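Participant: This one is run-v9.tsv, TSV, C-alpha atoms.
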```tsv
chain	number	residue	atom	x	y	z
A	994	MET	CA	-3.68	-18.71	-14.48
A	995	SER	CA	-6.35	-21.38	-14.19
A	996	GLU	CA	-6.92	-24.88	-12.88
A	997	PRO	CA	-8.53	-27.88	-14.61
A	998	SER	CA	-12.28	-27.29	-14.35
A	999	LYS	CA	-15.19	-29.58	-13.60
A	1000	ARG	CA	-17.28	-28.37	-16.55
A	1001	GLY	CA	-14.38	-28.34	-19.00
A	1002	LEU	CA	-14.76	-24.63	-19.69
A	1003	GLU	CA	-11.80	-22.28	-20.06
A	1004	PRO	CA	-11.71	-18.83	-18.44
A	1005	SER	CA	-13.16	-16.23	-20.81
A	1006	PHE	CA	-13.70	-12.58	-19.95
A	1007	THR	CA	-15.21	-9.53	-21.62
A	1008	VAL	CA	-14.14	-6.06	-20.56
A	1009	ALA	CA	-17.21	-3.90	-19.86
A	1010	VAL	CA	-18.66	-1.47	-17.35
A	1011	PRO	CA	-20.78	-3.34	-14.74
A	1012	ARG	CA	-24.26	-2.01	-13.96
A	1013	GLY	CA	-24.23	1.02	-11.67
A	1014	GLU	CA	-20.49	1.54	-12.02
A	1015	ASP	CA	-18.34	3.94	-14.01
A	1016	ARG	CA	-15.23	1.90	-14.78
A	1017	GLU	CA	-14.46	-1.07	-17.03
A	1018	ARG	CA	-13.88	-4.45	-15.37
A	1019	ARG	CA	-13.30	-7.97	-16.61
A	1020	ILE	CA	-16.62	-9.83	-16.55
A	1021	CYS	CA	-16.77	-13.63	-16.90
A	1022	ASP	CA	-18.56	-14.79	-20.06
A	1023	HIS	CA	-19.79	-17.94	-18.32
A	1024	CYS	CA	-21.17	-16.76	-14.98
A	1025	GLY	CA	-20.99	-12.95	-14.88
A	1026	PHE	CA	-18.36	-12.86	-12.12
A	1027	VAL	CA	-16.77	-9.40	-11.97
A	1028	ASP	CA	-12.99	-9.58	-11.56
A	1029	TYR	CA	-12.16	-6.43	-9.59
A	1030	ALA	CA	-8.46	-5.93	-10.22
A	1031	ASN	CA	-6.74	-3.33	-8.06
A	1032	PRO	CA	-3.08	-2.57	-7.49
A	1033	LYS	CA	-1.27	-5.16	-5.42
A	1034	ILE	CA	1.14	-4.45	-2.60
A	1035	VAL	CA	4.65	-5.83	-2.79
A	1036	ALA	CA	6.08	-5.84	0.75
A	1037	GLY	CA	9.77	-6.21	1.41
A	1038	ALA	CA	12.82	-5.22	3.39
A	1039	LEU	CA	16.16	-3.56	2.81
A	1040	VAL	CA	18.16	-5.79	5.15
A	1041	ALA	CA	21.48	-4.41	6.40
A	1042	PHE	CA	24.12	-5.94	8.63
A	1043	SER	CA	27.39	-4.94	10.23
A	1044	GLU	CA	29.46	-6.83	12.73
A	1045	HIS	CA	30.85	-3.52	14.00
A	1046	GLY	CA	27.63	-1.86	15.22
A	1047	PRO	CA	24.27	-0.50	14.02
A	1048	PRO	CA	24.16	-0.46	10.18
A	1049	HIS	CA	21.81	2.56	10.23
A	1050	GLY	CA	20.14	4.95	12.61
A	1051	GLU	CA	21.68	6.58	15.66
A	1052	GLY	CA	25.35	5.76	16.19
A	1053	CYS	CA	25.62	3.81	12.94
A	1054	VAL	CA	28.98	2.55	11.72
A	1055	PRO	CA	30.65	3.87	8.54
A	1056	ILE	CA	28.90	2.65	5.40
A	1057	GLU	CA	32.04	0.75	4.35
A	1058	GLN	CA	31.40	-1.56	7.30
A	1059	VAL	CA	27.83	-2.38	6.26
A	1060	SER	CA	26.62	-5.24	4.08
A	1061	ILE	CA	23.22	-5.64	2.39
A	1062	LEU	CA	21.33	-8.91	2.07
A	1063	LEU	CA	20.33	-9.67	-1.53
A	1064	CYS	CA	18.72	-12.69	-3.16
A	1065	ARG	CA	19.41	-13.94	-6.68
A	1066	ARG	CA	16.05	-14.76	-8.23
A	1067	ALA	CA	15.31	-18.39	-9.16
A	1068	ILE	CA	12.02	-17.44	-10.81
A	1069	HIS	CA	10.74	-15.15	-13.53
A	1070	PRO	CA	10.58	-12.26	-14.02
A	1071	ARG	CA	14.26	-11.24	-13.89
A	1072	LYS	CA	15.52	-14.72	-13.05
A	1073	GLY	CA	19.22	-14.63	-12.18
A	1074	TYR	CA	19.19	-11.00	-11.05
A	1075	TRP	CA	19.60	-9.70	-7.52
A	1076	THR	CA	16.74	-8.36	-5.45
A	1077	MET	CA	15.69	-7.58	-1.91
A	1078	PRO	CA	13.46	-10.04	-0.02
A	1079	ALA	CA	9.98	-8.94	-1.14
A	1080	GLY	CA	6.76	-10.32	-2.52
A	1081	PHE	CA	3.01	-9.99	-2.77
A	1082	MET	CA	1.29	-9.19	0.47
A	1083	GLU	CA	-1.39	-11.75	1.37
A	1084	LEU	CA	-4.76	-11.43	3.11
A	1085	GLY	CA	-4.56	-11.81	6.88
A	1086	GLU	CA	-1.23	-10.08	7.41
A	1087	SER	CA	0.11	-6.55	7.89
A	1088	THR	CA	2.68	-4.95	5.60
A	1089	LEU	CA	5.28	-5.52	8.32
A	1090	GLU	CA	4.32	-9.18	8.72
A	1091	ALA	CA	4.46	-9.63	4.95
A	1092	ALA	CA	8.01	-8.23	4.81
A	1093	VAL	CA	9.10	-10.55	7.62
A	1094	ARG	CA	7.44	-13.57	5.95
A	1095	GLU	CA	8.95	-12.86	2.55
A	1096	THR	CA	12.40	-12.54	4.11
A	1097	ARG	CA	11.92	-15.89	5.81
A	1098	GLU	CA	10.73	-17.54	2.60
A	1099	GLU	CA	13.32	-16.11	0.21
A	1100	ALA	CA	16.37	-15.73	2.44
A	1101	CYS	CA	15.62	-18.05	5.41
A	1102	ALA	CA	16.48	-15.04	7.55
A	1103	GLU	CA	15.05	-13.23	10.55
A	1104	ILE	CA	14.97	-9.44	10.60
A	1105	GLU	CA	14.13	-6.52	12.84
A	1106	CYS	CA	12.38	-3.67	11.01
A	1107	ASP	CA	12.87	-0.15	12.32
A	1108	ALA	CA	11.47	2.34	9.79
A	1109	LEU	CA	9.31	2.61	6.70
A	1110	LEU	CA	11.97	3.21	4.03
A	1111	ALA	CA	9.89	3.75	0.90
A	1112	VAL	CA	6.51	3.60	-0.76
A	1113	PHE	CA	7.10	3.31	-4.50
A	1114	ASP	CA	4.40	3.49	-7.17
A	1115	VAL	CA	4.97	0.97	-9.95
A	1116	VAL	CA	1.99	2.07	-11.98
A	1117	HIS	CA	2.74	0.13	-15.19
A	1118	ARG	CA	2.73	-3.14	-13.21
A	1119	GLY	CA	-0.22	-2.22	-11.00
A	1120	GLN	CA	1.90	-2.46	-7.87
A	1121	VAL	CA	2.79	-0.40	-4.81
A	1122	HIS	CA	6.07	-1.40	-3.19
A	1123	VAL	CA	6.15	-0.91	0.58
A	1124	PHE	CA	9.69	-1.45	1.82
A	1125	ARG	CA	11.01	-1.33	5.38
A	1126	ARG	CA	14.47	-0.75	6.72
A	1127	ALA	CA	15.67	-3.77	8.63
A	1128	THR	CA	18.67	-5.38	10.28
A	1129	LEU	CA	19.64	-9.01	9.88
A	1130	VAL	CA	19.39	-11.20	12.99
A	1131	GLY	CA	21.28	-14.48	12.66
A	1132	GLY	CA	22.00	-16.50	9.56
A	1133	PHE	CA	20.52	-16.86	6.09
A	1134	ALA	CA	20.24	-19.32	3.21
A	1135	ALA	CA	18.58	-19.56	-0.19
A	1136	GLY	CA	14.85	-20.27	-0.06
A	1137	PRO	CA	13.03	-22.05	-2.93
A	1138	GLU	CA	12.61	-18.84	-4.95
A	1139	SER	CA	16.29	-17.85	-4.65
A	1140	LEU	CA	19.33	-19.28	-6.48
A	1141	GLU	CA	21.59	-17.84	-3.81
A	1142	VAL	CA	21.47	-15.31	-0.99
A	1143	LYS	CA	24.45	-13.18	-0.15
A	1144	LEU	CA	25.60	-10.32	2.07
A	1145	PHE	CA	27.15	-7.71	-0.21
A	1146	PRO	CA	29.54	-5.18	1.34
A	1147	TRP	CA	28.25	-1.73	0.33
A	1148	GLY	CA	31.20	-1.25	-2.05
A	1149	GLU	CA	30.38	-4.49	-3.88
A	1150	ILE	CA	26.65	-4.09	-4.55
A	1151	PRO	CA	26.01	-5.61	-8.02
A	1152	TRP	CA	24.45	-2.42	-9.41
A	1153	ASP	CA	24.38	-3.73	-12.97
A	1154	SER	CA	22.67	-6.97	-12.03
A	1155	LEU	CA	19.80	-5.72	-9.89
A	1156	ALA	CA	16.40	-7.15	-10.77
A	1157	PHE	CA	14.15	-4.11	-10.52
A	1158	THR	CA	14.30	-0.32	-10.53
A	1159	THR	CA	12.79	-0.22	-7.05
A	1160	VAL	CA	15.76	-2.23	-5.73
A	1161	HIS	CA	18.06	0.51	-7.06
A	1162	TRP	CA	15.83	3.14	-5.50
A	1163	SER	CA	15.69	1.33	-2.16
A	1164	LEU	CA	19.45	1.09	-1.91
A	1165	ARG	CA	19.74	4.77	-2.77
A	1166	ALA	CA	17.04	5.72	-0.26
A	1167	TRP	CA	18.70	3.62	2.43
A	1168	ALA	CA	22.11	5.24	1.83
A	1169	GLU	CA	20.63	8.76	1.84
A	1170	SER	CA	18.63	8.30	5.05
A	1171	ARG	CA	21.04	5.90	6.76
A	1172	GLU	CA	22.13	8.20	9.59
A	1173	GLN	CA	18.58	9.27	10.42
A	1174	THR	CA	16.21	7.59	12.85
A	1175	VAL	CA	13.04	9.46	11.88
A	1176	PHE	CA	12.44	10.38	8.25
A	1177	ALA	CA	9.73	10.56	5.65
A	1178	PRO	CA	9.67	7.43	3.47
A	1179	TYR	CA	10.97	7.86	-0.03
A	1180	GLY	CA	8.76	7.90	-3.09
A	1181	ASN	CA	9.74	7.30	-6.72
A	1182	PHE	CA	13.05	8.78	-7.81
A	1183	GLU	CA	13.11	10.51	-11.18
B	187	MET	CA	-20.88	-9.09	-7.17
B	188	SER	CA	-21.79	-10.45	-10.59
B	189	GLU	CA	-23.45	-9.43	-13.84
B	190	PRO	CA	-26.14	-11.25	-15.84
B	191	SER	CA	-24.26	-13.98	-17.75
B	192	LYS	CA	-24.53	-15.28	-21.28
B	193	ARG	CA	-24.63	-18.95	-20.23
B	194	GLY	CA	-27.00	-18.38	-17.34
B	195	LEU	CA	-24.52	-19.73	-14.81
B	196	GLU	CA	-24.02	-18.16	-11.40
B	197	PRO	CA	-20.54	-17.61	-9.91
B	198	SER	CA	-19.48	-20.65	-7.88
B	199	PHE	CA	-16.09	-21.11	-6.26
B	200	THR	CA	-14.28	-23.80	-4.33
B	201	VAL	CA	-11.45	-22.90	-1.99
B	202	ALA	CA	-8.39	-25.08	-2.70
B	203	VAL	CA	-4.65	-24.91	-3.20
B	204	PRO	CA	-3.81	-24.47	-6.93
B	205	ARG	CA	-1.18	-26.79	-8.46
B	206	GLY	CA	2.36	-25.76	-7.61
B	207	GLU	CA	1.28	-23.30	-4.94
B	208	ASP	CA	1.19	-23.41	-1.16
B	209	ARG	CA	-1.80	-21.26	-0.30
B	210	GLU	CA	-5.57	-21.67	-0.68
B	211	ARG	CA	-7.34	-19.59	-3.34
B	212	ARG	CA	-10.88	-19.37	-4.69
B	213	ILE	CA	-11.09	-21.51	-7.85
B	214	CYS	CA	-14.07	-21.22	-10.22
B	215	ASP	CA	-16.15	-24.41	-10.44
B	216	HIS	CA	-17.07	-23.67	-14.06
B	217	CYS	CA	-13.79	-22.73	-15.74
B	218	GLY	CA	-10.95	-23.16	-13.21
B	219	PHE	CA	-10.19	-19.42	-13.01
B	220	VAL	CA	-8.06	-18.70	-9.93
B	221	ASP	CA	-9.25	-15.61	-8.07
B	222	TYR	CA	-6.06	-14.22	-6.53
B	223	ALA	CA	-7.31	-11.98	-3.76
B	224	ASN	CA	-4.74	-9.73	-2.13
B	225	PRO	CA	-5.12	-6.77	0.20
B	226	LYS	CA	-6.46	-3.65	-1.47
B	227	ILE	CA	-5.16	-0.16	-1.00
B	228	VAL	CA	-7.50	2.55	0.22
B	229	ALA	CA	-5.97	5.91	-0.70
B	230	GLY	CA	-7.14	9.14	0.85
B	231	ALA	CA	-6.35	12.52	2.29
B	232	LEU	CA	-6.62	14.35	5.59
B	233	VAL	CA	-7.62	17.71	4.14
B	234	ALA	CA	-7.04	20.76	6.33
B	235	PHE	CA	-7.82	24.43	5.77
B	236	SER	CA	-7.29	27.73	7.53
B	237	GLU	CA	-8.00	31.21	6.28
B	238	HIS	CA	-5.28	32.53	8.60
B	239	GLY	CA	-2.24	30.68	7.25
B	240	PRO	CA	-0.76	27.19	6.78
B	241	PRO	CA	-2.88	24.59	8.62
B	242	HIS	CA	0.18	22.39	9.23
B	243	GLY	CA	3.92	22.32	8.66
B	244	GLU	CA	6.34	25.19	9.12
B	245	GLY	CA	4.74	28.40	10.44
B	246	CYS	CA	1.35	26.79	10.91
B	247	VAL	CA	-1.46	28.67	12.61
B	248	PRO	CA	-2.92	27.60	16.00
B	249	ILE	CA	-5.01	24.44	15.74
B	250	GLU	CA	-8.12	26.40	16.83
B	251	GLN	CA	-7.90	28.21	13.49
B	252	VAL	CA	-7.86	25.03	11.41
B	253	SER	CA	-10.80	23.18	9.90
B	254	ILE	CA	-10.88	19.62	8.51
B	255	LEU	CA	-12.83	18.55	5.44
B	256	LEU	CA	-15.10	15.57	6.13
B	257	CYS	CA	-17.72	13.80	4.02
B	258	ARG	CA	-20.90	12.21	5.33
B	259	ARG	CA	-21.23	8.85	3.61
B	260	ALA	CA	-24.19	8.30	1.27
B	261	ILE	CA	-23.31	4.62	0.82
B	262	HIS	CA	-22.74	1.53	2.91
B	263	PRO	CA	-20.81	0.61	4.94
B	264	ARG	CA	-21.25	3.26	7.64
B	265	LYS	CA	-23.79	5.30	5.71
B	266	GLY	CA	-24.52	8.60	7.46
B	267	TYR	CA	-21.17	8.71	9.26
B	268	TRP	CA	-18.31	11.10	8.62
B	269	THR	CA	-15.14	10.12	6.84
B	270	MET	CA	-12.16	11.56	5.00
B	271	PRO	CA	-12.11	11.55	1.20
B	272	ALA	CA	-10.72	8.06	0.44
B	273	GLY	CA	-11.40	5.01	-1.65
B	274	PHE	CA	-10.00	2.01	-3.46
B	275	MET	CA	-6.91	2.74	-5.51
B	276	GLU	CA	-7.36	1.76	-9.17
B	277	LEU	CA	-4.96	0.35	-11.75
B	278	GLY	CA	-3.15	3.03	-13.73
B	279	GLU	CA	-2.71	5.55	-10.93
B	280	SER	CA	-0.30	6.28	-8.10
B	281	THR	CA	-1.32	6.43	-4.44
B	282	LEU	CA	-1.09	10.22	-4.66
B	283	GLU	CA	-3.24	10.37	-7.80
B	284	ALA	CA	-5.77	8.07	-6.17
B	285	ALA	CA	-6.07	10.38	-3.14
B	286	VAL	CA	-6.56	13.41	-5.41
B	287	ARG	CA	-9.16	11.56	-7.54
B	288	GLU	CA	-11.12	10.34	-4.53
B	289	THR	CA	-11.21	13.86	-3.09
B	290	ARG	CA	-12.53	15.17	-6.40
B	291	GLU	CA	-15.18	12.45	-6.58
B	292	GLU	CA	-16.42	12.57	-3.00
B	293	ALA	CA	-15.91	16.22	-2.07
B	294	CYS	CA	-15.65	17.97	-5.48
B	295	ALA	CA	-12.49	19.53	-4.06
B	296	GLU	CA	-8.92	20.14	-5.17
B	297	ILE	CA	-6.07	19.50	-2.76
B	298	GLU	CA	-2.33	19.88	-2.43
B	299	CYS	CA	-0.66	16.95	-0.68
B	300	ASP	CA	2.54	17.60	1.26
B	301	ALA	CA	3.39	14.50	3.32
B	302	LEU	CA	2.55	10.86	3.78
B	303	LEU	CA	0.54	10.96	7.00
B	304	ALA	CA	-0.12	7.29	7.69
B	305	VAL	CA	-0.02	3.73	6.46
B	306	PHE	CA	-2.59	1.76	8.44
B	307	ASP	CA	-3.05	-2.01	8.29
B	308	VAL	CA	-6.72	-3.00	8.36
B	309	VAL	CA	-6.04	-6.72	8.35
B	310	HIS	CA	-9.58	-7.92	9.09
B	311	ARG	CA	-10.85	-6.12	5.99
B	312	GLY	CA	-7.87	-7.02	3.79
B	313	GLN	CA	-6.98	-3.35	3.33
B	314	VAL	CA	-4.02	-1.04	3.69
B	315	HIS	CA	-4.96	2.62	4.14
B	316	VAL	CA	-2.45	5.06	2.65
B	317	PHE	CA	-3.37	8.58	3.73
B	318	ARG	CA	-1.70	11.86	2.82
B	319	ARG	CA	-1.70	15.21	4.55
B	320	ALA	CA	-3.27	17.83	2.31
B	321	THR	CA	-4.55	21.38	2.18
B	322	LEU	CA	-7.80	22.43	0.56
B	323	VAL	CA	-7.56	24.62	-2.53
B	324	GLY	CA	-10.82	26.34	-3.43
B	325	GLY	CA	-14.34	25.15	-2.82
B	326	PHE	CA	-16.10	21.85	-2.21
B	327	ALA	CA	-19.46	20.16	-2.56
B	328	ALA	CA	-21.04	16.76	-2.01
B	329	GLY	CA	-20.19	14.20	-4.69
B	330	PRO	CA	-22.52	11.26	-5.49
B	331	GLU	CA	-21.17	9.10	-2.65
B	332	SER	CA	-21.56	11.86	-0.02
B	333	LEU	CA	-24.71	13.13	1.70
B	334	GLU	CA	-22.89	16.32	2.63
B	335	VAL	CA	-19.37	17.69	2.81
B	336	LYS	CA	-18.34	20.09	5.53
B	337	LEU	CA	-15.35	21.93	6.97
B	338	PHE	CA	-15.27	21.16	10.69
B	339	PRO	CA	-13.35	23.53	12.96
B	340	TRP	CA	-10.95	21.37	14.98
B	341	GLY	CA	-12.98	21.92	18.16
B	342	GLU	CA	-16.14	20.64	16.45
B	343	ILE	CA	-14.94	17.37	14.89
B	344	PRO	CA	-17.83	14.87	15.24
B	345	TRP	CA	-15.72	12.30	17.11
B	346	ASP	CA	-18.72	10.13	17.96
B	347	SER	CA	-19.97	10.00	14.39
B	348	LEU	CA	-16.81	9.07	12.50
B	349	ALA	CA	-17.18	6.23	10.02
B	350	PHE	CA	-14.01	4.24	10.61
B	351	THR	CA	-11.27	3.73	13.17
B	352	THR	CA	-8.66	4.87	10.66
B	353	VAL	CA	-10.42	8.25	10.42
B	354	HIS	CA	-9.97	8.65	14.17
B	355	TRP	CA	-6.35	7.60	13.85
B	356	SER	CA	-5.71	9.97	10.94
B	357	LEU	CA	-7.07	12.95	12.84
B	358	ARG	CA	-4.94	12.00	15.84
B	359	ALA	CA	-1.84	11.49	13.66
B	360	TRP	CA	-2.44	14.81	11.94
B	361	ALA	CA	-2.78	16.69	15.26
B	362	GLU	CA	0.34	15.04	16.71
B	363	SER	CA	2.55	15.72	13.67
B	364	ARG	CA	0.94	19.01	12.67
B	365	GLU	CA	3.87	21.29	13.41
B	366	GLN	CA	6.38	19.05	11.64
B	367	THR	CA	7.37	19.15	8.00
B	368	VAL	CA	9.31	15.88	7.86
B	369	PHE	CA	8.10	12.92	9.91
B	370	ALA	CA	7.69	9.18	9.72
B	371	PRO	CA	4.15	8.22	8.71
B	372	TYR	CA	1.99	6.81	11.47
B	373	GLY	CA	1.01	3.16	11.72
B	374	ASN	CA	-1.86	1.63	13.67
B	375	PHE	CA	-2.53	3.12	17.07
B	376	GLU	CA	-3.23	0.69	19.91
```
Please lay out the structure from this file as structure tokens.
Facilitator:
Amino acid sequence: MSEPSKRGLEPSFTVAVPRGEDRERRICDHCGFVDYANPKIVAGALVAFSEHGPPHGEGCVPIEQVSILLCRRAIHPRKGYWTMPAGFMELGESTLEAAVRETREEACAEIECDALLAVFDVVHRGQVHVFRRATLVGGFAAGPESLEVKLFPWGEIPWDSLAFTTVHWSLRAWAESREQTVFAPYGNFE
Amino acid sequence: MSEPSKRGLEPSFTVAVPRGEDRERRICDHCGFVDYANPKIVAGALVAFSEHGPPHGEGCVPIEQVSILLCRRAIHPRKGYWTMPAGFMELGESTLEAAVRETREEACAEIECDALLAVFDVVHRGQVHVFRRATLVGGFAAGPESLEVKLFPWGEIPWDSLAFTTVHWSLRAWAESREQTVFAPYGNFE
């Protein structure tokens, strides 16, 4: 993506190995700027809620009494499909703060995070997804990037309309580790 | 960093909010390119070794019999100080593959990773450090970015000459969780 420029030039890059390095990078044809592209972190939360007691961890209620907060995407990619609150981590914040911010932006909701649920490698997109387990505190509503936000009872999760593989994996990881308080975060499922 | 350019221009950016966005970015003065800067992942490994048995996990030997592989940095920042094998994750690899590659490059060593040891937020540097627990397999030697590579017996760790706070934290996390097989990865210590 680019902005209107003062000189009227358009972005133009050549892929080459910079001096003294051993790996190809995009180098600007106009000014020699080296665009170091590294994987980006997508931070998010698997947000659970039950009116009967803790949705996970010690003393948690039966899974039939738990609902999961999902957002229907208003933007591409996967517009119209359901996802967890998550998005690109920004400079100046921690992975936890990023998950909390994204949940506020996309679901107008406050959460309490209690465990690192998963670290998924999404190599083909150049992303690492860092997802926390969280409980919903208070209400929710659709933010600008969501068509709607909804609490799905566990038995009514829209499995066929989930936006991304890592949403599937997160739900599965959450269900598998639900009764535990301390566990190793999940990695990619096969 | 930049390369010699065809037009003879130097990189020049103005910080502003791109159209349709809500956050300031660096925008190129020449061509309008938007430089989306997000936190980068530093992937690495806490590499342990004992000739008497497993250095950590089930049935591990006493900590006095364990040594830790550290590299003395040949490059800035913190040149001359000791660090774990670690470096910027690249596109096209997983966090695990990045840790293995960095260990090969910096310590000419092969490792077997067995747990996610820590996910540290280094907010002031715009980094997230993802470190795995690993055992050394075979030999080692200094790679081009290391002045020397050495196995330090636990009692001889050069605590006052460690390169980064997250190296301290990783050693502490490793010692605390050493006897466990399954544990939640550590976050920032206070």
Participant: How close does chain A get to chain B? List, as a Markdown table, each residue of chain A within 6 Å, its nearest atom pair and the distance in Å to one decimal, counting all atoms listed in the file.
Facilitator:
```
| residue | atom | partner | partner_atom | distance |
| --- | --- | --- | --- | --- |
| A:Ser995 | CA | B:Phe219 | CA | 4.5 |
| A:Glu996 | CA | B:Gly218 | CA | 4.4 |
| A:Pro997 | CA | B:Gly218 | CA | 5.5 |
| A:Ser998 | CA | B:Gly218 | CA | 4.5 |
| A:Arg1000 | CA | B:His216 | CA | 5.3 |
| A:Leu1002 | CA | B:Cys217 | CA | 4.5 |
| A:Glu1003 | CA | B:Cys217 | CA | 4.8 |
| A:Pro1004 | CA | B:Cys217 | CA | 5.2 |
| A:His1023 | CA | B:Arg193 | CA | 5.3 |
| A:Cys1024 | CA | B:Leu195 | CA | 4.5 |
| A:Gly1025 | CA | B:Glu189 | CA | 4.4 |
| A:Phe1026 | CA | B:Ser188 | CA | 4.5 |
| A:Val1027 | CA | B:Ser188 | CA | 5.3 |
| A:Asn1031 | CA | B:Glu276 | CA | 5.2 |
| A:Pro1032 | CA | B:Leu277 | CA | 5.5 |
| A:Glu1083 | CA | B:Asn224 | CA | 5.2 |
| A:Leu1084 | CA | B:Gly312 | CA | 5.4 |
| A:Gly1085 | CA | B:Val309 | CA | 5.5 |
| A:Glu1086 | CA | B:Val309 | CA | 5.9 |
| A:Ser1087 | CA | B:Asp307 | CA | 5.5 |
| A:Asp1114 | CA | B:Ser280 | CA | 5.5 |
| A:Val1116 | CA | B:Gly278 | CA | 5.5 |
| A:Gly1119 | CA | B:Leu277 | CA | 5.4 |
| A:Val1175 | CA | B:Ala370 | CA | 5.8 |
| A:Phe1176 | CA | B:Ala370 | CA | 5.1 |
| A:Ala1177 | CA | B:Ala370 | CA | 4.8 |
```
Participant: Would you output that residue set with C-alpha atoms, as a PDB file, in the coordinates of the input?
Facilitator:
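As written to disk, part_16.pdb reads:
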```
ATOM      1  CA  SER A 995      -6.350 -21.380 -14.190  1.00  0.00           C
ATOM      2  CA  GLU A 996      -6.920 -24.880 -12.880  1.00  0.00           C
ATOM      3  CA  PRO A 997      -8.530 -27.880 -14.610  1.00  0.00           C
ATOM      4  CA  SER A 998     -12.280 -27.290 -14.350  1.00  0.00           C
ATOM      5  CA  ARG A1000     -17.280 -28.370 -16.550  1.00  0.00           C
ATOM      6  CA  LEU A1002     -14.760 -24.630 -19.690  1.00  0.00           C
ATOM      7  CA  GLU A1003     -11.800 -22.280 -20.060  1.00  0.00           C
ATOM      8  CA  PRO A1004     -11.710 -18.830 -18.440  1.00  0.00           C
ATOM      9  CA  HIS A1023     -19.790 -17.940 -18.320  1.00  0.00           C
ATOM     10  CA  CYS A1024     -21.170 -16.760 -14.980  1.00  0.00           C
ATOM     11  CA  GLY A1025     -20.990 -12.950 -14.880  1.00  0.00           C
ATOM     12  CA  PHE A1026     -18.360 -12.860 -12.120  1.00  0.00           C
ATOM     13  CA  VAL A1027     -16.770  -9.400 -11.970  1.00  0.00           C
ATOM     14  CA  ASN A1031      -6.740  -3.330  -8.060  1.00  0.00           C
ATOM     15  CA  PRO A1032      -3.080  -2.570  -7.490  1.00  0.00           C
ATOM     16  CA  GLU A1083      -1.390 -11.750   1.370  1.00  0.00           C
ATOM     17  CA  LEU A1084      -4.760 -11.430   3.110  1.00  0.00           C
ATOM     18  CA  GLY A1085      -4.560 -11.810   6.880  1.00  0.00           C
ATOM     19  CA  GLU A1086      -1.230 -10.080   7.410  1.00  0.00           C
ATOM     20  CA  SER A1087       0.110  -6.550   7.890  1.00  0.00           C
ATOM     21  CA  ASP A1114       4.400   3.490  -7.170  1.00  0.00           C
ATOM     22  CA  VAL A1116       1.990   2.070 -11.980  1.00  0.00           C
ATOM     23  CA  GLY A1119      -0.220  -2.220 -11.000  1.00  0.00           C
ATOM     24  CA  VAL A1175      13.040   9.460  11.880  1.00  0.00           C
ATOM     25  CA  PHE A1176      12.440  10.380   8.250  1.00  0.00           C
ATOM     26  CA  ALA A1177       9.730  10.560   5.650  1.00  0.00           C
TER      27      ALA A1177
END
```
Participant: Following superposition of chain B onto chain A on all C-alpha atoms, paired in order, what is the C-alpha RMSD to one decimal in Å?
Facilitator: 0.1 Å
Participant: Which polymer residues have any atom within 10 Å of an atom of Gly1148 in chain A, counting all atoms listed in the file, with same-chain residues fewer than 3 positions away left out, as a PDB file with C-alpha atoms, keeping the file's coordinate frame?
Facilitator:
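Saved as part-v9.pdb:
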```
ATOM      1  CA  ILE A1056      28.900   2.650   5.400  1.00  0.00           C
ATOM      2  CA  GLU A1057      32.040   0.750   4.350  1.00  0.00           C
ATOM      3  CA  GLN A1058      31.400  -1.560   7.300  1.00  0.00           C
ATOM      4  CA  VAL A1059      27.830  -2.380   6.260  1.00  0.00           C
ATOM      5  CA  SER A1060      26.620  -5.240   4.080  1.00  0.00           C
ATOM      6  CA  PHE A1145      27.150  -7.710  -0.210  1.00  0.00           C
ATOM      7  CA  PRO A1151      26.010  -5.610  -8.020  1.00  0.00           C
TER       8      PRO A1151
END
```
Participant: Record the distance separating CA of Leu1129 in chain A and CA of Ala1156 in chain A, expressed in Å with one decimal.
Facilitator: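 According to the coordinates, CA of Leu1129 in chain A and CA of Ala1156 in chain A are separated by 21.0 Å.
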Participant: Would you mind reading off the distance between CA of Glu296 in chain B and CA of Lys336 in chain B, one decimal, in Å?
Facilitator: 14.3 Å
Participant: Closest to Trp1162 in chain A among A:Ala1091, A:Met1077, A:Cys1064, A:Ile1104, using all atoms listed in the file?
Facilitator: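 That would be A:Met1077, the residue with the smallest distance to Trp1162 in chain A.
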Participant: Any idea what's packed within 9 Å of Glu331 in chain B, counting all atoms listed in the file, ignoring anything in its chain fewer than 5 positions away? Could you give it as a PyMOL selection string?
Facilitator: chain B and resi 257-261+291-293
Participant: How far is it from CA of Val1160 in chain A to CA of Phe1042 in chain A, in Å with one decimal?
Facilitator: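 CA of Val1160 in chain A sits 17.0 Å away from CA of Phe1042 in chain A.
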Participant: Around all listed atoms of range 1149-1157 of chain A, padded 5 Å per side, what centre and edge lengths does the axis-aligned box have in Å to one decimal, as AutoDock Vina command-line options?
Facilitator:
```
--center_x 22.3 --center_y -4.8 --center_z -8.4 --size_x 26.2 --size_y 14.7 --size_z 19.1
```
Participant: When distances are computed from all atoms listed in the file, which of A:His1049, A:Gly1013, A:Pro1070, A:Ser1043 shows the smallest separation from Ser1170 in chain A?
Facilitator: A:His1049
Participant: For Pro1047 in chain A, which of A:Phe1133, A:Thr1159, A:Glu1141, A:Thr1128 is the closest residue, counting all atoms listed in the file?
Facilitator: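 Comparing A:Phe1133, A:Thr1159, A:Glu1141, A:Thr1128 against Pro1047 in chain A, the winner is A:Thr1128.
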Participant: Do you know which residues are at most 12 Å from Asp1153 in chain A counting only C-alpha atoms, after dropping those on the same chain fewer than 6 positions away, and could you put them as a list in words?
Facilitator: Tyr1074, Trp1075, Thr1076, Val1160 and His1161 of chain A
Participant: With C-alpha atoms retained, could you export that selection as a PDB file, in the coordinates of the input?
Facilitator:
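part.pdb written:
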```
ATOM      1  CA  TYR A1074      19.190 -11.000 -11.050  1.00  0.00           C
ATOM      2  CA  TRP A1075      19.600  -9.700  -7.520  1.00  0.00           C
ATOM      3  CA  THR A1076      16.740  -8.360  -5.450  1.00  0.00           C
ATOM      4  CA  VAL A1160      15.760  -2.230  -5.730  1.00  0.00           C
ATOM      5  CA  HIS A1161      18.060   0.510  -7.060  1.00  0.00           C
TER       6      HIS A1161
END
```
